[in-house]
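File shown: run_1.cif. Contents: mmCIF, C-alpha atoms and all ligand atoms.
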data_final
loop_
_atom_site.label_atom_id
_atom_site.label_comp_id
_atom_site.auth_asym_id
_atom_site.auth_seq_id
_atom_site.Cartn_x
_atom_site.Cartn_y
_atom_site.Cartn_z
CA MET A 115 7.68 12.24 -18.02
CA ARG A 116 9.55 11.66 -14.79
CA SER A 117 13.12 10.62 -15.26
CA LEU A 118 15.60 8.98 -12.91
CA ASP A 119 17.84 12.06 -13.17
CA ASP A 120 15.17 14.09 -11.40
CA TYR A 121 15.81 12.10 -8.22
CA SER A 122 19.49 12.91 -7.84
CA GLU A 123 18.77 16.03 -5.79
CA ILE A 124 16.93 13.91 -3.26
CA VAL A 125 18.98 10.70 -3.08
CA GLY A 126 22.37 11.82 -4.38
CA ASP A 127 24.41 10.95 -7.49
CA ARG A 128 25.83 7.75 -6.06
CA VAL A 129 22.40 6.09 -5.88
CA ILE A 130 21.50 7.22 -9.40
CA SER A 131 24.75 5.98 -10.87
CA SER A 132 24.38 2.61 -9.17
CA ILE A 133 20.88 2.22 -10.67
CA TYR A 134 22.16 2.98 -14.18
CA ARG A 135 24.95 0.43 -13.68
CA LYS A 136 22.51 -2.28 -12.60
CA ALA A 137 20.17 -1.44 -15.50
CA ARG A 138 22.84 -1.79 -18.19
CA PRO A 139 22.77 -5.60 -18.58
CA LEU A 140 18.97 -5.46 -18.74
CA SER A 141 18.74 -2.87 -21.48
CA GLY A 142 15.96 -3.69 -23.96
CA LYS A 143 14.61 -6.57 -21.88
CA HIS A 144 10.86 -6.84 -21.79
CA ILE A 145 9.24 -7.14 -18.36
CA LEU A 146 5.56 -7.44 -17.55
CA HIS A 147 3.77 -6.56 -14.31
CA ILE A 148 0.21 -7.80 -13.76
CA ASN A 149 -2.05 -6.77 -10.89
CA SER A 150 -5.75 -6.10 -10.55
CA THR A 151 -6.19 -2.33 -10.36
CA TYR A 152 -4.65 0.81 -11.79
CA GLN A 153 -5.98 2.86 -8.93
CA GLY A 154 -6.48 2.65 -5.19
CA GLY A 155 -4.19 1.07 -2.65
CA GLY A 156 -0.46 0.70 -2.29
CA VAL A 157 0.26 -1.74 -5.13
CA ALA A 158 -1.10 0.57 -7.84
CA GLU A 159 0.69 3.46 -6.17
CA ILE A 160 4.09 1.76 -6.40
CA LEU A 161 3.59 0.33 -9.87
CA GLY A 162 2.62 3.78 -11.20
CA SER A 163 6.15 4.96 -10.42
CA VAL A 164 8.18 1.78 -10.93
CA VAL A 165 6.83 1.14 -14.42
CA VAL A 166 7.55 4.69 -15.63
CA LEU A 167 11.06 4.79 -14.16
CA MET A 168 12.03 1.33 -15.44
CA ASN A 169 11.15 2.44 -18.97
CA ASP A 170 13.15 5.61 -18.43
CA ILE A 171 16.27 3.58 -17.68
CA GLY A 172 15.92 1.43 -20.78
CA ILE A 173 13.97 -1.60 -19.60
CA ASP A 174 10.75 -2.13 -21.57
CA THR A 175 8.32 -2.59 -18.73
CA GLY A 176 4.60 -3.13 -19.27
CA TRP A 177 1.69 -3.11 -16.85
CA ARG A 178 -1.54 -5.02 -17.39
CA ILE A 179 -4.64 -5.34 -15.28
CA LEU A 180 -6.44 -8.62 -14.75
CA HIS A 181 -10.08 -8.16 -15.69
CA GLY A 182 -12.58 -9.48 -13.22
CA THR A 183 -16.31 -9.36 -12.61
CA PRO A 184 -17.76 -8.00 -9.33
CA ASP A 185 -18.12 -11.66 -8.22
CA PHE A 186 -14.46 -12.26 -8.84
CA PHE A 187 -13.39 -9.21 -6.83
CA SER A 188 -15.72 -10.09 -4.00
CA ILE A 189 -14.04 -13.52 -3.82
CA THR A 190 -10.51 -12.17 -4.10
CA LYS A 191 -11.23 -9.60 -1.39
CA LYS A 192 -12.22 -12.52 0.85
CA PHE A 193 -8.97 -14.23 -0.15
CA HIS A 194 -7.05 -11.06 0.66
CA ASN A 195 -8.65 -10.90 4.12
CA ALA A 196 -8.13 -14.62 4.77
CA LEU A 197 -4.48 -14.42 3.74
CA GLN A 198 -4.19 -11.89 6.55
CA GLY A 199 -5.89 -14.24 9.01
CA ALA A 200 -9.67 -13.72 8.59
CA PRO A 201 -11.89 -16.82 8.38
CA ILE A 202 -13.20 -17.89 4.97
CA ASN A 203 -15.76 -20.34 3.69
CA LEU A 204 -13.65 -21.68 0.84
CA THR A 205 -16.28 -23.29 -1.37
CA GLU A 206 -15.74 -25.04 -4.71
CA ILE A 207 -17.70 -22.34 -6.47
CA LYS A 208 -15.39 -19.62 -5.14
CA LYS A 209 -12.35 -21.57 -6.28
CA ARG A 210 -13.91 -22.17 -9.69
CA LEU A 211 -14.83 -18.52 -10.28
CA TYR A 212 -11.37 -17.41 -9.20
CA ILE A 213 -9.63 -19.82 -11.53
CA ARG A 214 -12.01 -19.17 -14.40
CA ALA A 215 -11.26 -15.41 -14.46
CA ASN A 216 -7.56 -16.18 -14.68
CA GLU A 217 -8.03 -18.85 -17.32
CA ASP A 218 -10.12 -16.49 -19.50
CA PHE A 219 -7.65 -13.63 -19.12
CA ALA A 220 -4.81 -15.91 -20.19
CA VAL A 221 -6.65 -16.77 -23.42
CA TYR A 222 -6.58 -13.19 -24.71
CA THR A 223 -3.48 -11.85 -22.93
CA HIS A 224 -0.42 -12.85 -24.88
CA ILE A 225 2.80 -12.99 -22.92
CA ASP A 226 6.16 -13.16 -24.60
CA HIS A 227 8.23 -11.21 -22.10
CA ASP A 228 11.63 -11.92 -20.55
CA CYS A 229 10.16 -11.95 -17.06
CA VAL A 230 6.65 -11.81 -15.58
CA ILE A 231 5.88 -10.27 -12.20
CA ILE A 232 2.48 -11.09 -10.74
CA HIS A 233 1.18 -8.99 -7.85
CA ASP A 234 -0.99 -10.34 -5.04
CA PRO A 235 -3.47 -13.22 -5.10
CA GLN A 236 -5.89 -12.03 -7.80
CA PRO A 237 -3.74 -12.98 -10.85
CA LEU A 238 -1.73 -15.70 -9.05
CA PRO A 239 -3.18 -18.70 -10.99
CA LEU A 240 -2.30 -17.17 -14.38
CA ILE A 241 0.99 -19.05 -14.42
CA LYS A 242 -0.87 -22.32 -14.83
CA TYR A 243 -2.40 -21.23 -18.14
CA TYR A 244 0.78 -20.38 -20.02
CA THR A 245 3.62 -22.40 -21.40
CA LYS A 246 6.26 -21.03 -19.07
CA LYS A 247 9.19 -19.71 -21.12
CA GLN A 248 10.59 -17.13 -18.72
CA PRO A 249 11.02 -16.52 -14.98
CA TRP A 250 7.77 -15.80 -13.14
CA ILE A 251 7.86 -13.91 -9.87
CA TRP A 252 5.00 -13.70 -7.38
CA ARG A 253 5.14 -10.38 -5.53
CA CYS A 254 2.90 -10.70 -2.49
CA HIS A 255 2.12 -7.43 -0.70
CA VAL A 256 0.12 -8.82 2.21
CA ASP A 257 1.11 -10.20 5.59
CA LEU A 258 1.33 -14.00 5.23
CA SER A 259 2.36 -14.72 8.80
CA ASN A 260 -1.08 -15.83 9.96
CA SER A 261 -2.85 -16.91 6.77
CA ASN A 262 -5.94 -19.08 6.83
CA SER A 263 -4.51 -22.56 6.29
CA ALA A 264 -7.20 -23.89 3.91
CA LEU A 265 -6.73 -20.92 1.64
CA TRP A 266 -2.95 -21.04 1.89
CA ASP A 267 -2.96 -24.72 0.88
CA PHE A 268 -5.15 -23.93 -2.11
CA LEU A 269 -3.02 -20.97 -3.26
CA LYS A 270 0.25 -22.75 -2.56
CA LYS A 271 -0.37 -25.08 -5.49
CA PHE A 272 -0.01 -22.07 -7.78
CA ILE A 273 2.87 -20.48 -5.88
CA LEU A 274 4.92 -23.67 -6.26
CA ARG A 275 5.08 -23.02 -10.00
CA TYR A 276 6.86 -19.68 -9.49
CA ASP A 277 10.60 -19.10 -9.49
CA VAL A 278 10.62 -16.63 -6.61
CA MET A 279 8.17 -15.19 -4.13
CA ILE A 280 8.76 -11.62 -2.92
CA VAL A 281 7.32 -10.44 0.38
CA SER A 282 7.52 -7.08 2.16
CA ASN A 283 8.92 -8.23 5.47
CA GLU A 284 11.18 -10.96 6.86
CA LYS A 285 8.27 -11.95 9.16
CA TYR A 286 6.08 -12.88 6.16
CA LYS A 287 8.37 -15.59 4.81
CA ARG A 288 6.76 -19.07 4.92
CA ASN A 289 8.73 -22.04 6.12
CA ASP A 290 6.31 -24.45 4.43
CA LEU A 291 7.10 -23.14 0.96
CA PRO A 292 10.00 -24.69 -0.97
CA VAL A 293 10.23 -21.69 -3.30
CA GLU A 294 12.94 -19.05 -3.03
CA GLN A 295 11.66 -16.14 -0.96
CA ARG A 296 13.08 -12.65 -1.02
CA ILE A 297 12.22 -9.34 0.57
CA ILE A 298 11.55 -6.00 -1.04
CA HIS A 299 10.35 -3.31 1.32
CA PRO A 300 7.89 -0.99 -0.42
CA ALA A 301 8.63 2.71 -0.81
CA ILE A 302 7.17 6.03 -1.88
CA ASP A 303 7.88 8.26 -4.84
CA PRO A 304 9.02 11.67 -3.56
CA LEU A 305 8.22 13.29 -6.92
CA SER A 306 4.73 11.90 -7.44
CA PRO A 307 1.79 14.30 -7.04
CA LYS A 308 1.10 12.65 -3.71
CA ASN A 309 4.52 13.35 -2.24
CA MET A 310 6.02 16.30 -4.12
CA GLU A 311 6.46 19.68 -2.48
CA ILE A 312 3.32 21.81 -2.77
CA SER A 313 2.82 25.44 -1.85
CA GLU A 314 0.69 26.78 0.96
CA ALA A 315 -1.63 28.25 -1.70
CA VAL A 316 -2.21 24.80 -3.23
CA ILE A 317 -2.79 23.28 0.20
CA SER A 318 -5.40 25.91 1.07
CA LYS A 319 -7.10 25.55 -2.29
CA TYR A 320 -7.52 21.80 -1.94
CA LEU A 321 -8.71 21.93 1.64
CA ARG A 322 -11.28 24.53 0.68
CA LYS A 323 -12.37 22.50 -2.33
CA PHE A 324 -13.04 19.48 -0.11
CA GLY A 325 -14.68 21.50 2.66
CA ILE A 326 -12.02 20.96 5.32
CA PRO A 327 -11.73 23.93 7.71
CA ARG A 328 -8.42 24.66 9.41
CA ASP A 329 -9.69 26.39 12.53
CA LYS A 330 -8.76 23.39 14.72
CA PRO A 331 -5.90 20.90 14.64
CA LEU A 332 -6.53 18.08 12.18
CA ILE A 333 -6.02 14.41 12.90
CA THR A 334 -6.15 12.34 9.74
CA GLN A 335 -6.17 8.72 8.66
CA ILE A 336 -5.64 8.15 4.95
CA SER A 337 -6.86 4.63 4.21
CA ARG A 338 -9.28 2.66 2.12
CA PHE A 339 -12.50 1.92 4.07
CA ASP A 340 -11.44 -1.56 5.08
CA LYS A 341 -11.99 -3.39 8.34
CA PHE A 342 -8.25 -4.02 8.70
CA LYS A 343 -7.69 -0.24 8.67
CA ASP A 344 -10.13 -0.01 11.63
CA PRO A 345 -11.91 3.28 10.79
CA GLU A 346 -14.40 2.64 13.61
CA GLY A 347 -11.52 2.31 16.06
CA VAL A 348 -10.14 5.63 14.78
CA ILE A 349 -13.44 7.30 15.60
CA GLN A 350 -13.36 5.91 19.13
CA VAL A 351 -9.82 7.21 19.57
CA PHE A 352 -10.91 10.60 18.23
CA LYS A 353 -13.73 10.79 20.79
CA LEU A 354 -11.19 10.21 23.58
CA VAL A 355 -8.82 12.84 22.19
CA LYS A 356 -11.60 15.37 21.82
CA LYS A 357 -12.34 15.24 25.53
CA LYS A 358 -8.94 16.85 26.13
CA VAL A 359 -8.10 18.85 22.99
CA ASP A 360 -10.50 20.39 20.52
CA CYS A 361 -9.67 18.99 17.10
CA ARG A 362 -11.16 17.58 13.93
CA LEU A 363 -10.86 14.13 12.33
CA VAL A 364 -10.55 13.47 8.62
CA LEU A 365 -10.97 9.94 7.28
CA CYS A 366 -9.85 9.97 3.68
CA GLY A 367 -10.46 6.71 1.85
CA SER A 368 -10.86 6.46 -1.88
CA MET A 369 -12.50 3.37 -3.32
CA ALA A 370 -10.28 0.85 -5.13
CA THR A 371 -11.87 -0.93 -8.09
CA ASP A 372 -10.71 -4.32 -6.79
CA ASP A 373 -12.15 -3.70 -3.30
CA PRO A 374 -15.92 -4.24 -3.24
CA GLU A 375 -16.20 -3.93 0.56
CA GLY A 376 -15.30 -0.23 0.63
CA TRP A 377 -18.81 1.24 0.43
CA MET A 378 -20.18 -1.22 2.96
CA ILE A 379 -17.56 -0.23 5.55
CA TYR A 380 -18.02 3.45 4.67
CA LYS A 381 -21.79 3.25 5.32
CA LYS A 382 -21.14 1.57 8.65
CA VAL A 383 -18.73 4.34 9.68
CA GLU A 384 -21.23 6.96 8.54
CA ARG A 385 -23.99 5.38 10.66
CA LYS A 386 -21.78 5.14 13.74
CA ALA A 387 -20.57 8.76 13.58
CA ARG A 388 -23.64 10.48 12.12
CA GLU A 389 -23.83 13.33 14.63
CA LEU A 390 -20.11 14.10 14.53
CA ILE A 391 -20.23 14.08 10.74
CA GLU A 392 -23.22 16.44 10.67
CA ASN A 393 -21.33 18.85 12.96
CA LYS A 394 -18.26 18.58 10.72
CA GLU A 395 -16.23 17.28 13.64
CA ILE A 396 -15.50 14.28 11.47
CA ILE A 397 -15.05 14.64 7.73
CA LEU A 398 -15.28 11.60 5.47
CA ILE A 399 -13.78 11.73 1.98
CA THR A 400 -14.10 9.08 -0.69
CA SER A 401 -12.60 10.90 -3.68
CA GLU A 402 -9.35 9.72 -5.16
CA ASN A 403 -7.17 12.81 -5.16
CA SER A 404 -3.42 12.65 -4.71
CA ILE A 405 -2.93 16.38 -4.11
CA LEU A 406 -5.58 16.31 -1.40
CA VAL A 407 -3.78 13.38 0.27
CA ASN A 408 -0.53 15.32 -0.05
CA ALA A 409 -2.12 18.43 1.50
CA LEU A 410 -3.73 16.47 4.34
CA GLN A 411 -0.48 14.72 5.17
CA ARG A 412 1.20 18.13 5.36
CA VAL A 413 -1.34 20.13 7.36
CA SER A 414 -2.49 17.50 9.85
CA SER A 415 -1.08 17.87 13.34
CA VAL A 416 -0.98 14.11 13.64
CA ILE A 417 -1.46 11.28 11.16
CA ILE A 418 -3.05 8.22 12.71
CA GLN A 419 -2.73 4.78 11.13
CA LYS A 420 -4.70 2.41 13.30
CA SER A 421 -4.48 -0.73 11.18
CA ILE A 422 -5.10 -4.17 12.62
CA LYS A 423 -3.13 -5.73 9.74
CA GLU A 424 -0.75 -3.86 7.49
CA GLY A 425 1.52 -5.41 4.87
CA PHE A 426 3.72 -2.31 4.90
CA GLY A 427 1.65 0.85 5.23
CA LEU A 428 2.74 3.31 2.53
CA THR A 429 0.63 5.97 4.20
CA VAL A 430 3.04 5.96 7.14
CA ALA A 431 6.07 6.61 4.92
CA GLU A 432 4.11 9.27 3.03
CA ALA A 433 3.32 11.16 6.24
CA LEU A 434 6.85 10.83 7.60
CA TRP A 435 8.28 12.15 4.35
CA LYS A 436 6.27 15.32 4.91
CA GLY A 437 7.65 15.73 8.40
CA THR A 438 4.32 14.98 10.04
CA PRO A 439 4.36 12.87 13.21
CA VAL A 440 2.55 9.54 13.15
CA VAL A 441 0.75 7.60 15.86
CA THR A 442 0.31 4.09 14.54
CA SER A 443 -0.20 0.43 15.32
CA ASN A 444 2.75 -1.74 16.15
CA ILE A 445 1.80 -4.16 13.42
CA GLY A 446 3.03 -5.69 10.14
CA GLY A 447 5.40 -3.45 8.20
CA ILE A 448 4.87 -0.34 10.31
CA PRO A 449 7.67 -0.97 12.88
CA LEU A 450 10.11 -1.04 9.94
CA GLN A 451 9.30 2.63 9.50
CA VAL A 452 8.60 3.94 12.98
CA ILE A 453 10.96 3.70 15.93
CA ASN A 454 8.76 4.23 18.93
CA GLY A 455 9.40 7.59 20.58
CA GLU A 456 11.92 8.61 17.91
CA ASN A 457 10.06 9.44 14.72
CA GLY A 458 6.53 8.66 15.91
CA PHE A 459 4.68 6.51 18.39
CA LEU A 460 3.88 2.82 18.08
CA VAL A 461 0.84 1.64 20.01
CA GLU A 462 -0.65 -1.84 20.33
CA ALA A 463 -3.36 -2.07 17.67
CA ASN A 464 -6.31 -2.47 20.06
CA ASP A 465 -5.15 0.05 22.68
CA LYS A 466 -7.48 2.97 21.95
CA LYS A 467 -6.54 4.76 25.16
CA GLY A 468 -2.86 4.46 24.23
CA PHE A 469 -3.55 5.95 20.80
CA ALA A 470 -5.47 8.84 22.33
CA GLU A 471 -2.76 9.58 24.92
CA ARG A 472 -0.02 9.75 22.30
CA ILE A 473 -2.09 11.96 20.00
CA ILE A 474 -2.89 14.32 22.88
CA GLN A 475 0.80 14.41 23.80
CA LEU A 476 1.74 15.47 20.26
CA LEU A 477 -1.07 18.01 20.02
CA LYS A 478 0.12 19.61 23.26
CA ASP A 479 3.83 19.56 22.41
CA PRO A 480 4.48 21.03 18.94
CA ASN A 481 8.25 20.92 19.46
CA LEU A 482 8.16 17.17 20.02
CA ALA A 483 5.90 16.81 16.97
CA LYS A 484 8.33 18.81 14.85
CA GLU A 485 11.38 16.87 16.01
CA MET A 486 9.70 13.51 15.38
CA GLY A 487 8.65 14.70 11.93
CA ARG A 488 12.21 15.75 11.10
CA LYS A 489 13.63 12.35 12.07
CA GLY A 490 10.83 10.61 10.18
CA LYS A 491 11.75 12.32 6.95
CA GLU A 492 15.37 11.16 7.22
CA ILE A 493 14.36 7.54 7.87
CA VAL A 494 12.26 7.62 4.71
CA ARG A 495 15.04 9.27 2.70
CA THR A 496 17.46 6.50 3.68
CA ASN A 497 15.20 3.47 3.37
CA PHE A 498 11.83 4.04 1.77
CA LEU A 499 12.17 5.99 -1.45
CA ILE A 500 11.25 4.50 -4.82
CA THR A 501 14.86 4.53 -6.05
CA ARG A 502 15.60 1.76 -3.54
CA VAL A 503 12.70 -0.35 -4.89
CA ILE A 504 14.01 0.17 -8.44
CA SER A 505 17.44 -0.92 -7.28
CA ASP A 506 16.00 -4.04 -5.56
CA TYR A 507 14.02 -4.98 -8.69
CA LEU A 508 17.14 -4.57 -10.82
CA ASP A 509 19.09 -6.92 -8.51
CA LEU A 510 16.29 -9.43 -8.80
CA LEU A 511 15.98 -9.17 -12.58
CA ASN A 512 19.75 -9.43 -13.03
CA ASP A 513 19.64 -12.69 -11.06
CA MET A 514 16.63 -14.04 -12.93
CA ILE A 515 17.36 -13.09 -16.54
CA LYS A 516 20.56 -14.47 -17.92
N1 LIG Q 1 -4.67 6.37 -0.80
C1 LIG Q 1 -5.11 7.41 -1.57
N2 LIG Q 1 -6.30 7.98 -1.30
C2 LIG Q 1 -7.06 7.56 -0.28
C3 LIG Q 1 -6.62 6.47 0.51
C4 LIG Q 1 -5.40 5.89 0.21
O1 LIG Q 1 -4.44 7.84 -2.50
O2 LIG Q 1 -8.13 8.13 -0.09
C5 LIG Q 1 -3.33 5.81 -1.08
C6 LIG Q 1 -2.34 6.12 0.03
O3 LIG Q 1 -1.91 7.46 -0.06
C7 LIG Q 1 -1.27 5.07 -0.22
C8 LIG Q 1 -2.10 3.89 -0.73
O4 LIG Q 1 -3.34 4.42 -1.20
O5 LIG Q 1 -0.41 5.50 -1.24
C9 LIG Q 1 -2.36 2.91 0.39
O6 LIG Q 1 -1.26 2.11 0.59
P1 LIG Q 1 -1.04 1.35 1.95
O7 LIG Q 1 0.20 0.54 1.81
O8 LIG Q 1 -1.07 2.32 3.08
O9 LIG Q 1 -2.33 0.43 2.12
P2 LIG Q 1 -3.13 -0.57 1.13
O10 LIG Q 1 -4.30 0.21 0.62
O11 LIG Q 1 -2.19 -1.01 0.06
O12 LIG Q 1 -3.57 -1.68 2.04
#

Using structure tokens, write down the structure from this file.
Ligand code: UDP
Amino acid sequence: MRSLDDYSEIVGDRVISSIYRKARPLSGKHILHINSTYQGGGVAEILGSVVVLMNDIGIDTGWRILHGTPDFFSITKKFHNALQGAPINLTEIKKRLYIRANEDFAVYTHIDHDCVIIHDPQPLPLIKYYTKKQPWIWRCHVDLSNSNSALWDFLKKFILRYDVMIVSNEKYKRNDLPVEQRIIHPAIDPLSPKNMEISEAVISKYLRKFGIPRDKPLITQISRFDKFKDPEGVIQVFKLVKKKVDCRLVLCGSMATDDPEGWMIYKKVERKARELIENKEIILITSENSILVNALQRVSSVIIQKSIKEGFGLTVAEALWKGTPVVTSNIGGIPLQVINGENGFLVEANDKKGFAERIIQLLKDPNLAKEMGRKGKEIVRTNFLITRVISDYLDLLNDMIK
């Protein structure tokens, strides 16, 4: 099992010692995280590391998954989109199904912990169905700055019951919410299979296994097939780049169990790019495979992240950590990670020409690409490694649990 000690080589002894110090008063406390998937997307990615490391430092931390039917996940996906600004037809039946799944889960999920941390909107109403005996924290990972107001008003009734709301960015705080709001920037685990060092032999093996040739420079976007990740826009950018530099595009997007729209968007992308896919100019991947993601983030000449909305964008930090330059939208949590022209390029989300120009620039100037990658890695080391998230959670728990 991974242990906090293993991280000292990367972050230094001072950070490790400070985490142990903060963990001491919480020793033996029982914490529970609840979200709606073990796999796929950034929340599961972070919890997979946080939960293991918290236990390692003596805090009994559990992780449970809210069970939902396909109907439930189709509704909560609409909620997720609407929280980020998409329109929604918020009918009574949707509200009822959403609440019912939470109510049922509460009946058979017994909670007697010292603190409960609920992630994202899917399990948000749970709080209403328990006798509240401990602090409850709502950890929201999406961008709330432009939420659909009808949905926000509906969800707010549940949020008001919480002790604290955590968001990923100062910009996502709500001034119409009289609940304490704090910020925790997400981060990546440098020792997880997705981010650990891997050899050239492993990289080659995985690329071969997934049928990805290396005869041309690779441009890659690692993202669920989701309209806010704009895979169709990525293809248009790729077509512009290809006019100037011969290269190949990989769209790698595993399917999350709480995201029913994935296959629909995938099929649309497949239809739009049929010829390029047949010629292997574009490669689509839907398998969940951390080592493959790791390999792609290492061998790609450029990582593109062309999101239209992005709560934080772990994929950006993952690429930067591997020293790979990123061309990405100036949106949501991404500018926290990328300083334009320093460790990557920020482009306005709808500026396809701008994306293409920056990618071409990096493909033609390997020295610039290398230098940006080097700076990117240091920014991640300082700000976006999992040890900092652990430290932030410990500060929060020390404030909440007396
Ligand atoms: N991811 C993955 N395989 C894929 C696509 C995505 O493992 O095919 C991971 C990705 O590496 C990152 C997470 O899913 O760790 C996505 O997090 P991000 O914050 O970028 O976006 P989200 O999916 O949470 O909106």

Practice problem: Compute the set of protein, DNA and RNA residues whose minimum atom distance to ligand LIG 1 (chain Q) is at most 6 Å, using all atoms listed in the file, and state it as number ranges by chain. | Solution: A: 154-157, 159, 336-338, 366-368, 402, 404, 426-429

Discussion item. Within 10 Å of (-12.7, 6.8, 17.2) (file coordinates; only C-alpha atoms), which protein or nucleic acid residues are there? I'd like them as number ranges by chain.
Written reply: A: 344-356, 363, 383, 386-387, 396, 420, 466, 469-470

- Message: Applying 7 Å and all atoms listed in the file, which residues near Gln248 in chain A remain after dropping the ones on its own chain fewer than 2 positions away? List them as an MDAnalysis selection string.
- Response: chainID A and resid 228:229 246 250

Dump of C-alpha atoms for the selected residues, as an mmCIF file, keeping the file's coordinate frame:
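Written out: out-v1.cif:
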data_model
loop_
_atom_site.group_PDB
_atom_site.id
_atom_site.type_symbol
_atom_site.label_atom_id
_atom_site.label_comp_id
_atom_site.auth_asym_id
_atom_site.auth_seq_id
_atom_site.Cartn_x
_atom_site.Cartn_y
_atom_site.Cartn_z
ATOM 1 C CA ASP A 228 11.630 -11.920 -20.550
ATOM 2 C CA CYS A 229 10.160 -11.950 -17.060
ATOM 3 C CA LYS A 246 6.260 -21.030 -19.070
ATOM 4 C CA TRP A 250 7.770 -15.800 -13.140
#

With distances taken over all atoms listed in the file, the candidate from A:Ile405, A:Val452, A:Leu476, A:Met115 nearest Asn309 in chain A is A:Ile405

Handout entry: Selection: 10 Å around Gly325 in chain A, all atoms listed in the file, excl. self and same-chain fewer than 3 positions, as an MDAnalysis selection string
Key = chainID A and resid 319:322 328 394 397 399

Shell around Pro184 in chain A at 9 Å using all atoms listed in the file, local window under 4 positions removed, as a list in words = Ser188, Ile189, Asp372 and Pro374 of chain A
